[in-house]
Each structure stands twice: as structure tokens, then as C-alpha cells.
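S.K.: Next comes structure37.cif, mmCIF, C-alpha atoms:
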data_start
loop_
_atom_site.label_atom_id
_atom_site.label_comp_id
_atom_site.auth_asym_id
_atom_site.auth_seq_id
_atom_site.Cartn_x
_atom_site.Cartn_y
_atom_site.Cartn_z
CA MET V 1 31.39 5.68 8.52
CA GLY V 2 30.35 9.28 7.92
CA ASN V 3 28.40 8.40 4.80
CA SER V 4 26.86 5.27 6.25
CA TRP V 5 23.23 4.97 5.24
CA LYS V 6 23.31 8.24 3.32
CA SER V 7 22.57 6.22 0.20
CA PHE V 8 19.55 4.66 1.95
CA TRP V 9 18.04 8.09 2.56
CA MET V 10 18.95 9.31 -0.93
CA GLY V 11 17.37 6.27 -2.55
CA THR V 12 14.26 6.42 -0.40
CA LEU V 13 13.76 10.16 -0.92
CA ALA V 14 14.26 9.67 -4.65
CA ALA V 15 11.56 7.00 -4.63
CA VAL V 16 9.18 9.37 -2.85
CA ALA V 17 10.02 12.23 -5.23
CA ILE V 18 9.47 10.06 -8.30
CA SER V 19 6.15 8.83 -6.93
CA VAL V 20 4.96 12.40 -6.27
CA VAL V 21 5.86 13.41 -9.83
CA ALA V 22 4.13 10.31 -11.17
CA GLY V 23 1.08 11.10 -9.10
CA VAL V 24 0.82 14.62 -10.46
CA VAL V 25 1.27 13.44 -14.04
CA MET V 26 -1.20 10.59 -13.76
CA SER V 27 -3.90 12.29 -11.72
CA ASN V 28 -7.11 13.46 -13.29
CA ALA V 29 -6.55 17.01 -12.11
CA ASN V 30 -5.86 18.19 -15.66
CA MET V 31 -9.06 16.77 -17.07
CA THR V 32 -12.36 18.59 -17.42
CA SER V 33 -15.24 16.90 -15.64
CA GLY V 34 -16.79 16.23 -19.02
CA GLU V 35 -13.72 14.23 -20.01
CA LYS V 36 -13.38 12.60 -16.60
CA PHE V 37 -16.89 11.21 -16.49
CA SER V 38 -17.21 10.41 -20.17
CA THR V 39 -18.01 6.79 -20.91
CA SER V 40 -15.06 6.76 -23.29
CA ASN V 41 -12.56 7.74 -20.55
CA THR V 42 -10.26 4.84 -19.75
CA ARG V 43 -8.57 6.33 -16.66
CA LEU V 44 -9.36 4.59 -13.39
CA MET X 1 -95.53 -5.20 -34.60
CA THR X 2 -95.56 -3.79 -38.13
CA GLY X 3 -93.34 -4.99 -40.95
CA SER X 4 -91.19 -1.85 -40.72
CA HIS X 5 -90.58 -2.52 -37.05
CA ILE X 6 -89.48 -6.05 -37.86
CA ARG X 7 -87.18 -4.76 -40.64
CA ARG X 8 -85.60 -2.19 -38.29
CA LEU X 9 -85.19 -4.85 -35.60
CA LEU X 10 -83.52 -7.24 -38.02
CA ALA X 11 -81.20 -4.49 -39.33
CA GLY X 12 -80.14 -3.58 -35.79
CA LEU X 13 -79.54 -7.23 -34.97
CA GLY X 14 -77.44 -7.60 -38.11
CA VAL X 15 -75.29 -4.58 -37.22
CA PHE X 16 -74.87 -5.93 -33.70
CA LEU X 17 -73.83 -9.36 -34.93
CA LEU X 18 -71.43 -7.74 -37.42
CA ALA X 19 -69.84 -5.74 -34.64
CA VAL X 20 -69.50 -8.86 -32.47
CA TYR X 21 -67.97 -10.76 -35.38
CA ALA X 22 -65.53 -7.94 -36.09
CA GLY X 23 -64.46 -7.92 -32.47
CA ALA X 24 -64.06 -11.69 -32.43
CA VAL X 25 -61.92 -11.53 -35.57
CA GLY X 26 -59.75 -8.91 -33.88
CA ILE X 27 -59.37 -11.01 -30.76
CA THR X 28 -58.66 -14.33 -32.46
CA GLY X 29 -56.83 -12.89 -35.44
CA SER X 30 -58.69 -15.30 -37.62
CA ALA X 31 -61.50 -14.72 -40.07
CA GLY X 32 -62.69 -18.19 -39.23
CA LEU X 33 -62.61 -17.31 -35.49
CA SER X 34 -60.01 -20.08 -34.91
CA VAL X 35 -58.87 -20.23 -31.23
CA THR X 36 -55.79 -22.40 -31.80
CA PRO X 37 -52.54 -20.88 -30.22
CA ALA X 38 -50.58 -18.10 -31.88
CA ILE X 39 -48.23 -20.70 -33.28
CA ALA X 40 -50.71 -21.05 -36.10
CA GLN X 41 -50.12 -17.40 -37.02
CA THR X 42 -46.45 -16.92 -36.17
CA GLY X 43 -45.05 -20.37 -36.79
CA GLY X 44 -43.52 -20.68 -33.28
CA GLN X 45 -42.06 -17.18 -33.11
CA VAL X 46 -42.80 -14.78 -30.27
CA PRO X 47 -45.37 -12.33 -31.64
CA GLY X 48 -43.78 -9.10 -32.73
CA ASN X 49 -40.73 -10.94 -34.13
CA TRP X 50 -38.27 -9.14 -31.80
CA SER X 51 -36.24 -12.20 -30.78
CA GLY X 52 -36.58 -14.62 -33.63
CA GLY X 53 -37.24 -18.14 -32.42
CA THR X 54 -35.63 -17.61 -28.98
CA ASN X 55 -37.70 -17.50 -25.85
CA ASP X 56 -36.98 -15.33 -22.80
CA ALA X 57 -35.26 -18.07 -20.79
CA GLU X 58 -32.73 -18.67 -23.54
CA ILE X 59 -32.03 -14.96 -23.88
CA TRP X 60 -31.34 -14.58 -20.16
CA ARG X 61 -29.19 -17.73 -20.23
CA ALA X 62 -27.07 -16.20 -22.98
CA ILE X 63 -26.81 -12.93 -21.05
CA ARG X 64 -25.74 -14.86 -17.94
CA LYS X 65 -23.00 -16.57 -19.94
CA GLY X 66 -21.63 -13.29 -21.23
CA VAL X 67 -23.13 -12.65 -24.65
CA GLN X 68 -22.03 -9.34 -26.15
CA GLY X 69 -25.00 -7.17 -27.04
CA ARG X 70 -25.21 -3.85 -28.89
CA VAL X 71 -25.38 -0.49 -27.18
CA SER X 72 -25.56 2.98 -28.62
CA ILE X 73 -23.26 4.67 -26.04
CA PRO X 74 -19.53 5.07 -26.82
CA ASP X 75 -18.44 2.49 -24.22
CA LYS X 76 -19.25 -0.71 -26.11
CA LYS X 77 -18.19 -2.82 -23.14
CA ALA X 78 -21.54 -1.97 -21.60
CA GLY X 79 -23.10 -4.32 -24.16
CA GLN X 80 -21.97 -7.26 -22.04
CA LEU X 81 -24.35 -7.24 -19.08
CA VAL X 82 -22.82 -10.18 -17.18
CA GLN X 83 -19.21 -11.43 -17.45
CA SER X 84 -19.38 -14.81 -15.76
CA GLY X 85 -15.60 -15.31 -16.11
CA GLY X 86 -15.43 -12.78 -13.30
CA ASP X 87 -16.84 -15.39 -10.92
CA GLU X 88 -13.96 -17.74 -11.72
CA PHE X 89 -11.45 -14.93 -11.33
CA ARG X 90 -12.89 -13.97 -7.94
CA ALA X 91 -12.93 -17.58 -6.78
CA PHE X 92 -9.24 -17.97 -7.67
CA ARG X 93 -8.20 -14.59 -6.29
CA ASN X 94 -10.01 -14.92 -2.95
CA GLY X 95 -9.51 -18.68 -2.78
CA SER X 96 -6.45 -20.52 -4.09
CA MET X 97 -4.24 -17.53 -4.68
CA SER X 98 -4.85 -15.89 -1.32
CA VAL X 99 -4.76 -19.09 0.71
CA ILE X 100 -1.78 -20.76 -0.96
CA GLY X 101 0.05 -17.46 -1.21
CA GLY X 102 -0.44 -16.82 2.46
CA TRP X 103 0.93 -20.26 3.36
CA VAL X 104 3.95 -19.77 1.09
CA MET X 105 4.89 -16.47 2.72
CA LEU X 106 4.35 -17.89 6.19
CA ALA X 107 6.43 -20.96 5.31
CA VAL X 108 9.36 -18.77 4.25
CA VAL X 109 9.31 -16.93 7.58
CA VAL X 110 9.12 -20.22 9.52
CA ILE X 111 11.96 -21.80 7.51
CA LEU X 112 14.19 -18.76 8.01
CA ALA X 113 13.43 -18.75 11.73
CA LEU X 114 14.34 -22.43 11.97
CA PHE X 115 17.52 -21.83 9.96
CA PHE X 116 18.50 -19.06 12.34
CA VAL X 117 17.83 -21.24 15.38
CA VAL X 118 19.87 -24.15 13.97
CA ARG X 119 22.67 -22.38 12.10
CA GLY X 120 22.76 -19.10 13.94
CA ARG X 121 24.20 -15.95 12.45
CA ILE X 122 26.92 -16.70 9.87
CA ARG X 123 29.96 -15.02 11.37
CA ILE X 124 33.25 -13.89 9.82
CA GLU X 125 35.19 -16.96 10.91
CA ALA X 126 38.58 -15.32 10.78
CA GLY X 127 37.09 -12.40 12.66
CA ALA X 128 36.96 -8.83 11.43
CA ASP X 129 40.29 -7.56 10.09
CA PRO X 130 42.24 -6.22 13.10
CA ALA X 131 43.54 -3.33 11.03
CA GLY X 132 40.03 -2.50 9.91
CA ARG X 133 40.86 -2.91 6.25
CA THR X 134 37.90 -2.90 3.85
CA ILE X 135 37.19 -3.29 0.14
CA GLU X 136 34.68 -1.20 -1.76
CA ARG X 137 31.82 -3.50 -2.74
CA PHE X 138 29.23 -1.04 -4.05
CA ASN X 139 29.84 2.55 -5.07
CA ALA X 140 27.42 5.40 -4.39
CA LEU X 141 25.41 4.81 -7.56
CA GLY X 142 25.08 1.11 -6.82
CA ARG X 143 23.96 1.73 -3.24
CA PHE X 144 21.52 4.44 -4.37
CA THR X 145 20.07 2.06 -6.96
CA HIS X 146 19.68 -0.70 -4.37
CA TRP X 147 17.81 1.51 -1.93
CA LEU X 148 15.69 3.20 -4.61
CA THR X 149 14.48 -0.27 -5.60
CA ALA X 150 14.31 -1.73 -2.09
CA SER X 151 12.39 1.16 -0.53
CA SER X 152 9.95 1.12 -3.44
CA PHE X 153 9.56 -2.64 -3.12
CA VAL X 154 8.71 -2.43 0.58
CA VAL X 155 5.95 0.14 -0.06
CA LEU X 156 4.66 -1.86 -3.02
CA ALA X 157 4.67 -5.12 -1.05
CA LEU X 158 2.88 -3.69 1.98
CA SER X 159 0.25 -1.83 -0.05
CA GLY X 160 -0.21 -4.87 -2.28
CA LEU X 161 -0.59 -7.22 0.69
CA ASN X 162 -3.22 -4.85 2.05
CA VAL X 163 -5.19 -5.21 -1.17
CA LEU X 164 -5.16 -9.02 -0.81
CA TYR X 165 -5.43 -9.50 2.92
CA GLY X 166 -6.11 -6.21 4.69
CA LYS X 167 -9.88 -6.54 4.72
CA TYR X 168 -9.73 -9.71 6.81
CA PHE X 169 -8.25 -8.15 9.93
CA LEU X 170 -7.47 -4.42 9.60
CA PRO X 171 -11.06 -3.11 9.93
CA ALA X 172 -11.26 -4.80 13.34
CA LEU X 173 -8.03 -3.07 14.37
CA ILE X 174 -8.40 0.42 12.93
CA GLY X 175 -12.10 0.62 12.09
CA LYS X 176 -13.80 0.55 8.69
CA SER X 177 -13.22 4.21 8.02
CA GLY X 178 -9.54 3.94 8.93
CA PHE X 179 -9.16 0.89 6.73
CA ALA X 180 -10.83 2.68 3.82
CA THR X 181 -8.51 5.67 4.13
CA LEU X 182 -5.44 3.47 4.51
CA THR X 183 -6.40 1.42 1.45
CA LEU X 184 -7.13 4.50 -0.65
CA TRP X 185 -3.74 6.04 0.09
CA GLY X 186 -2.14 2.63 -0.23
CA LYS X 187 -3.54 2.41 -3.74
CA PHE X 188 -2.09 5.80 -4.65
CA ALA X 189 1.25 4.86 -3.12
CA HIS X 190 1.26 1.54 -5.00
CA ASN X 191 0.41 3.08 -8.37
CA TYR X 192 2.88 5.95 -8.14
CA ILE X 193 5.91 4.44 -6.40
CA ALA X 194 5.81 1.66 -8.98
CA TRP X 195 7.53 4.08 -11.36
CA ALA X 196 10.47 4.42 -8.94
CA PHE X 197 10.64 0.63 -8.71
CA MET X 198 10.69 0.29 -12.50
CA LEU X 199 13.51 2.84 -12.76
CA GLY X 200 15.38 0.97 -10.04
CA ILE X 201 15.29 -2.42 -11.75
CA ILE X 202 16.37 -0.87 -15.06
CA LEU X 203 19.36 0.73 -13.29
CA MET X 204 20.14 -2.54 -11.50
CA PHE X 205 20.16 -4.43 -14.77
CA VAL X 206 22.48 -1.93 -16.44
CA LEU X 207 24.87 -1.78 -13.47
CA TRP X 208 25.12 -5.46 -12.55
CA VAL X 209 24.10 -7.72 -15.43
CA LYS X 210 27.71 -8.33 -16.45
CA ASP X 211 28.55 -9.74 -12.99
CA ASN X 212 25.44 -11.92 -12.85
CA ILE X 213 25.94 -14.13 -15.88
CA PRO X 214 25.76 -17.76 -14.67
CA SER X 215 29.04 -19.70 -14.74
CA PHE X 216 30.42 -23.13 -13.87
CA ALA X 217 31.68 -21.79 -10.56
CA ASP X 218 28.04 -21.34 -9.65
CA LEU X 219 27.42 -25.07 -10.03
CA LYS X 220 30.22 -25.86 -7.60
CA TRP X 221 28.89 -23.25 -5.21
CA MET X 222 25.37 -24.65 -5.38
CA ALA X 223 26.61 -28.24 -4.96
CA VAL X 224 27.72 -27.41 -1.39
CA GLY X 225 24.77 -25.17 -0.64
CA GLY X 226 26.98 -22.13 -0.73
CA GLY X 227 28.53 -23.27 2.55
CA LEU X 228 25.42 -21.93 4.27
CA PHE X 229 24.73 -25.18 6.06
CA THR X 230 28.28 -26.06 7.08
CA LYS X 231 30.55 -24.02 9.31
CA GLY X 232 34.04 -23.55 7.90
CA LEU X 233 32.97 -24.27 4.33
CA HIS X 234 33.51 -21.32 1.99
CA PRO X 235 33.13 -22.26 -1.70
CA PRO X 236 34.84 -19.80 -3.99
CA ALA X 237 32.72 -17.13 -5.65
CA LYS X 238 33.26 -14.07 -7.78
CA ARG X 239 31.62 -10.71 -7.12
CA PHE X 240 28.19 -12.37 -6.91
CA ASN X 241 27.62 -15.98 -5.89
CA ALA X 242 24.89 -18.21 -7.32
CA GLY X 243 22.44 -17.25 -4.59
CA GLN X 244 22.93 -13.58 -5.38
CA LYS X 245 22.59 -14.24 -9.09
CA PHE X 246 19.29 -15.96 -8.33
CA ILE X 247 18.16 -12.82 -6.47
CA PHE X 248 19.33 -10.58 -9.33
CA TRP X 249 17.46 -12.48 -12.02
CA SER X 250 14.40 -12.88 -9.80
CA VAL X 251 14.28 -9.13 -9.30
CA VAL X 252 14.93 -8.32 -12.96
CA LEU X 253 12.60 -10.94 -14.46
CA GLY X 254 10.03 -11.09 -11.66
CA GLY X 255 10.12 -7.35 -11.19
CA GLY X 256 9.91 -6.86 -14.94
CA SER X 257 6.91 -9.15 -15.13
CA LEU X 258 5.26 -7.31 -12.24
CA SER X 259 6.00 -4.04 -14.02
CA LEU X 260 4.41 -5.22 -17.27
CA SER X 261 1.28 -6.63 -15.64
CA GLY X 262 1.19 -3.58 -13.41
CA LEU X 263 1.28 -1.27 -16.43
CA ALA X 264 -1.57 -3.31 -17.92
CA LEU X 265 -3.51 -2.64 -14.72
CA LEU X 266 -2.63 1.07 -14.68
CA PHE X 267 -3.79 1.43 -18.30
CA PRO X 268 -6.30 -1.43 -18.53
CA PHE X 269 -7.90 -0.70 -21.87
CA GLU X 270 -4.74 0.45 -23.62
CA ILE X 271 -2.11 -2.10 -22.65
CA GLN X 272 -3.29 -5.67 -23.16
CA VAL X 273 -0.60 -8.31 -23.15
CA PHE X 274 -2.21 -11.70 -22.55
CA ALA X 275 -3.81 -12.31 -25.94
CA ASP X 276 -0.45 -11.95 -27.70
CA THR X 277 1.35 -13.90 -24.98
CA PHE X 278 -1.12 -16.74 -25.31
CA LYS X 279 -0.72 -16.73 -29.09
CA MET X 280 3.03 -17.10 -28.60
CA LEU X 281 2.58 -19.95 -26.11
CA ASN X 282 0.11 -21.69 -28.39
CA ALA X 283 2.87 -21.87 -30.99
CA PHE X 284 4.57 -24.31 -28.57
CA GLY X 285 1.53 -26.52 -28.32
CA ALA X 286 -0.50 -24.82 -25.60
CA SER X 287 -4.18 -24.08 -26.11
CA PHE X 288 -4.80 -20.79 -24.36
CA PRO X 289 -7.67 -18.51 -25.46
CA THR X 290 -6.49 -15.79 -27.81
CA GLU X 291 -9.66 -13.71 -28.18
CA LEU X 292 -9.91 -11.85 -24.89
CA SER X 293 -12.17 -9.01 -23.87
CA THR X 294 -10.62 -6.10 -21.98
CA LEU X 295 -12.21 -7.39 -18.78
CA GLN X 296 -10.62 -10.82 -19.28
CA GLU X 297 -7.26 -9.18 -19.97
CA THR X 298 -7.56 -7.23 -16.72
CA GLN X 299 -8.51 -10.35 -14.77
CA TYR X 300 -5.53 -12.28 -16.14
CA ALA X 301 -3.28 -9.33 -15.31
CA LEU X 302 -4.60 -9.25 -11.75
CA MET X 303 -4.08 -12.98 -11.25
CA TRP X 304 -0.56 -12.96 -12.73
CA HIS X 305 0.41 -9.81 -10.84
CA GLY X 306 -0.77 -11.34 -7.56
CA VAL X 307 0.95 -14.70 -8.04
CA VAL X 308 4.30 -13.19 -9.09
CA ALA X 309 4.10 -10.61 -6.30
CA ILE X 310 3.66 -13.29 -3.66
CA GLY X 311 6.63 -15.19 -5.07
CA MET X 312 8.76 -12.05 -5.09
CA ILE X 313 7.84 -11.20 -1.50
CA ALA X 314 8.84 -14.69 -0.40
CA ILE X 315 12.20 -14.41 -2.20
CA ILE X 316 12.98 -10.91 -0.96
CA VAL X 317 12.16 -11.82 2.65
CA GLY X 318 14.94 -14.40 2.33
CA HIS X 319 17.24 -11.78 0.78
CA ILE X 320 16.51 -9.32 3.60
CA TYR X 321 17.22 -12.02 6.19
CA ILE X 322 20.59 -13.13 4.84
CA GLY X 323 21.65 -9.55 4.14
CA SER X 324 20.95 -8.35 7.65
CA LEU X 325 20.45 -10.72 10.56
CA GLY X 326 21.60 -13.84 8.77
CA MET X 327 25.17 -12.88 7.91
CA GLU X 328 27.61 -10.72 9.81
CA GLY X 329 29.15 -7.98 7.68
CA ALA X 330 26.78 -8.30 4.72
CA ILE X 331 24.76 -5.16 5.35
CA ASP X 332 27.88 -2.99 5.08
CA ALA X 333 27.94 -3.67 1.35
CA VAL X 334 24.85 -1.53 0.80
CA GLY X 335 25.26 0.53 3.97
CA ASN X 336 28.53 2.40 3.51
CA GLY X 337 29.62 0.33 0.50
CA HIS X 338 32.77 -1.13 2.09
CA VAL X 339 33.07 -4.68 3.39
CA ASP X 340 35.63 -6.17 5.74
CA VAL X 341 38.57 -7.79 3.92
CA ASN X 342 38.17 -11.07 5.81
CA TRP X 343 34.45 -11.13 5.04
CA ALA X 344 35.24 -10.65 1.35
CA LYS X 345 37.91 -13.38 1.35
CA GLU X 346 35.55 -15.86 3.01
CA HIS X 347 32.49 -15.22 0.83
CA HIS X 348 33.86 -13.88 -2.48
CA SER X 349 37.44 -15.10 -2.68
CA LEU X 350 37.65 -15.03 -6.49
CA TRP X 351 36.41 -11.45 -6.52
CA VAL X 352 39.08 -10.39 -4.04
CA GLU X 353 41.73 -12.08 -6.21
CA GLU X 354 40.49 -10.18 -9.27
CA ILE X 355 40.70 -6.89 -7.43
CA GLU X 356 44.14 -7.65 -6.03
CA ASN X 357 45.39 -8.63 -9.49
CA GLU X 358 44.03 -5.46 -11.05
CA ALA X 359 45.39 -3.01 -8.48
CA PRO X 360 47.29 -4.62 -5.66
CA ALA X 361 48.03 -1.35 -3.86
CA ALA X 362 44.60 0.16 -4.26
CA SER X 363 42.65 -2.97 -3.40
CA GLN X 364 42.61 -2.32 0.32
CA GLN X 365 41.30 0.84 1.90
CA GLN X 366 43.03 2.70 4.66
CA PRO X 367 41.83 1.34 7.94
CA ALA X 368 38.93 3.20 9.52
CA GLU X 369 40.16 5.92 11.82
#
Take the structure in the file and give it back as C-alpha cells.

M.R.:
Amino acid sequence: MGNSWKSFWMGTLAAVAISVVAGVVMSNANMTSGEKFSTSNTRL
Amino acid sequence: MTGSHIRRLLAGLGVFLLAVYAGAVGITGSAGLSVTPAIAQTGGQVPGNWSGGTNDAEIWRAIRKGVQGRVSIPDKKAGQLVQSGGDEFRAFRNGSMSVIGGWVMLAVVVILALFFVVRGRIRIEAGADPAGRTIERFNALGRFTHWLTASSFVVLALSGLNVLYGKYFLPALIGKSGFATLTLWGKFAHNYIAWAFMLGIILMFVLWVKDNIPSFADLKWMAVGGGLFTKGLHPPAKRFNAGQKFIFWSVVLGGGSLSLSGLALLFPFEIQVFADTFKMLNAFGASFPTELSTLQETQYALMWHGVVAIGMIAIIVGHIYIGSLGMEGAIDAVGNGHVDVNWAKEHHSLWVEEIENEAPAASQQQPAE
């Protein structure tokens, strides 16, 4: 039973890692404030 | 008074009267000094001709009902001052959907609790194999995929339930500021871990679709309720029984639908799916609206996402129950990947036969040391 629940931690950590990457990609950090607050910007 | 005085007096009087007349013409707008209403001049139109024959009340009524006006800024959506469909959406979302959804989820918990009280935990009737022999049920990739999806689903479900219900009781428990912070981070978690969930259901589909195709054996299994309600009854099943196939297709189709509506909510003005979906349904005789504004698309996406999410939560609560507390030995399948031989023979006898026929010697693991 040495590897019991190892897959649980691997899967959960992978979910967290993917969500962090998604957050960085989707965040508005790479936008200028002019783009961010433009009325034509469709990002939430 | 001399004649010249009289002449000057009369001239002054004439100029005065002319000035009065000119003013009266300006006021009445009529050379004949007519004081009938402006309708005589404008034929019923509001003077200035800025709104045709429509009066103010009608204009505001049209605005209230969602007329699309013209604006000069790039965001043309601002031309619609009031979107009254939003009232109907809010009434459904905070009314029927929340109330009925809440009862559905509560009912599932109550039914499972009653089932546990009446039936108890489903044990391995032959007992665990004395020699400790096991069969590999899920390999490392399969287990990883399960937990990638399951962990994501739990975060998505909790953060989503907070969006629907949190405001009714959490502020009293953790304060308004605490609730605001929790909901903000919950929104980020929901939006970003969704991508892990989507990857998980794609992997699940690729790994397990071939073992989840419905078959006639499933009908026989369902006819006896899978043996869930009768001790000693173990209908034959292959790798996945009908109940598990139901879970698989619920996760793939329900999760897929949540993913699509979720993507429409992540990119609300770029991904719009309902107009085309309604056009397709109308081909079968329905009469859904097919010209939808971006706001209407978003509202439909929110309603659909909420309804499907509640259904999925109800189904997965049942899955979590039977896979943990409800059935002895089941959790090992996704824990270390190996299930007891007797458990496998009782619940998936046809699958065990397939494995034994393929590789009789390799079908059974060395006993645990």
C-alpha cells in the first residue's frame, strides 16, 4: 500500500498547478490600463 | 396741443402698437395672433421635431422594454439603457432555480442517509480474500485522471454553491468583509480550476469510453437494481456496470455542457452558443428565440450552467457515497488501484472472467506482504 493515495495528491496538485497557469494566462496583468478600461474590452 | 404734437404722438403710438403686434406674433407664432394649440402649427408633433409623433411616455416605455438606441462610443451595448429580460432571469435564478435546486440536493442527501440506515454498508459477502489477492482495477494514469477531475469538481462545486447560496448565511458567520474576500477568491478558483476539470473529462473520455458503451447486460443489471437493494444478489457486470456507465456519461455530457456554458461565461461576448442551439432545436419544431443580444446569451448561459451544475452535484454526491461509505472495498479502486479478488467477483464477475481468460497467471497479484 506504499503508493496508496499518491495518485490523489498527484491529481490534486496537478489541478492546482493548471489553475495557477490558467490564472496567469487569463489575468489582466499583461494589459495596459488603457486597454483594460477601454469600453471595447470584453474581459471581465 | 399743436398739430405737430398730435402727429408725433400718433407716430409714437403707431410704433408702440407695431412693437406690441410684433411681440404677439412672436409669442403666438401666428400673423393672425391665433391662440389655438401648437397642433395647428406642428400637426400633432412635438415642437422641434426630435421624436416624430411619439410623446415622452411612449419613449420611456420603449426604453423600459429594452429598445436598442444609438451611441457614439465603441461599446454599442450601452445603447440599450434597460434590459428588462434581466428581471426575468433574476427571478428565475434567485427563485425557482435556487429553491428547487436546494431541495433537490437536500433530497439526495436524505435519500442516501435513509439508504444507509436501511441497507447499511454493502459488504464483501464472501469476505476479503484470505490470501490478500487483488486485481488491478485502475492504473496510475486512470487514478491520476480520476483525482484531477474529482479534486477540480469539489472546488468548482463549493465555489459555485457559494455564488448561489453563500450570501444567505455566510456573512452572518464570517462577516461581510470575510464573505467578500471568500467569494472573490472563490471566483478566481472557479474560473481557473475549470481548465483542470476540462482536461480531466477529456482524459476520462479517452481512457474509458470503450468500457462504457451501453449493452444488454446493463438492462439485466438495472432490472434488479444492481443488487443494491437485496443482500446476496450480484448481477453480472463487466468492467463498469450500468450505474457506473450512468456516472461516466453524466460526467462527460454534463461536465461537457458545464464546460461549454462556462466558457461562454468566461468569454461572454466572444463565445455565444444559445442562438445557434435554439436554431437547431427549432428545426425539430421548437420555437425558441434566435436573435439574442450578448446580455441574453449570458443570462441563458448562467441559467443553464446553474441548472446542470445542481444536477451534477446531486449525481456526484451519490457517486461519492457509494464509492466510499456505501460499499466496502470500492475506494481501493481509485486509492491504490487494486481491488480485492472477492470484491471483483461479486460486483464485476464478467470483467474478472475476461481478465482470467486473457492472462490466467497474471490476473491475480501477489498477496500484500

S.K.: Between atom CA of Leu325 of chain X and atom CA of Val108 of chain X, what is the spacing in Å?

M.R.: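 Between these atoms lies a distance of 15.1 Å.
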
S.K.: List the residues selected by the PyMOL selection byres ((chain V) within 6 of (chain X)) in the file shown, writing them as a list in words.

M.R.: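 With the shown file as input, the PyMOL selection byres ((chain V) within 6 of (chain X)) matches Ser4, Trp5, Ser7, Phe8, Gly11, Thr12, Ala15, Ile18, Ser19, Ala22, Gly23, Thr39 and Ser40 of chain V.
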
S.K.: Please evaluate the PyMOL selection byres ((chain X and resi 341) around 7) against the structure above and give the resulting residues as a list in words.

M.R.: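 Output of the PyMOL selection byres ((chain X and resi 341) around 7): Asp129, Arg133, Thr134, Ile135, Val339, Asp340, Asn342, Trp343, Ala344 and Lys345 of chain X.
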
S.K.: Separation of atom CA of Arg61 of chain X and atom CA of Gly85 of chain X, in Å?

M.R.: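 Those two atoms sit 14.4 Å apart.
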
S.K.: For the provided coordinates, the residues matched by the PyMOL selection byres ((chain X and resi 248) around 9) should be stated as a list in words.

M.R.: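 With the shown file as input, the PyMOL selection byres ((chain X and resi 248) around 9) matches Met204, Phe205, Trp208, Val209, Asn212, Gly243, Gln244, Lys245, Phe246, Ile247, Trp249, Ser250, Val251, Val252 and Leu253 of chain X.
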
S.K.: What does the distance from atom CA of Ala301 of chain X to atom CA of Leu263 of chain X come to in Å, to one decimal?

M.R.: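 Straight-line distance from atom CA of Ala301 of chain X to atom CA of Leu263 of chain X works out to 9.3 Å.
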
S.K.: Determine, counting only C-alpha atoms, every residue of protein, DNA or RNA that lies within 9 Å of (32.7, -21.5, -0.1) in the file coordinates, then give the result as a PyMOL selection string.

M.R.: chain X and resi 221+224-228+232-237+346-349

S.K.: Which residue is closest to Thr298 of chain X? Choose from X:Thr230, X:Ser98, X:Gln272, X:Ser257 and count only C-alpha atoms.

M.R.: X:Gln272
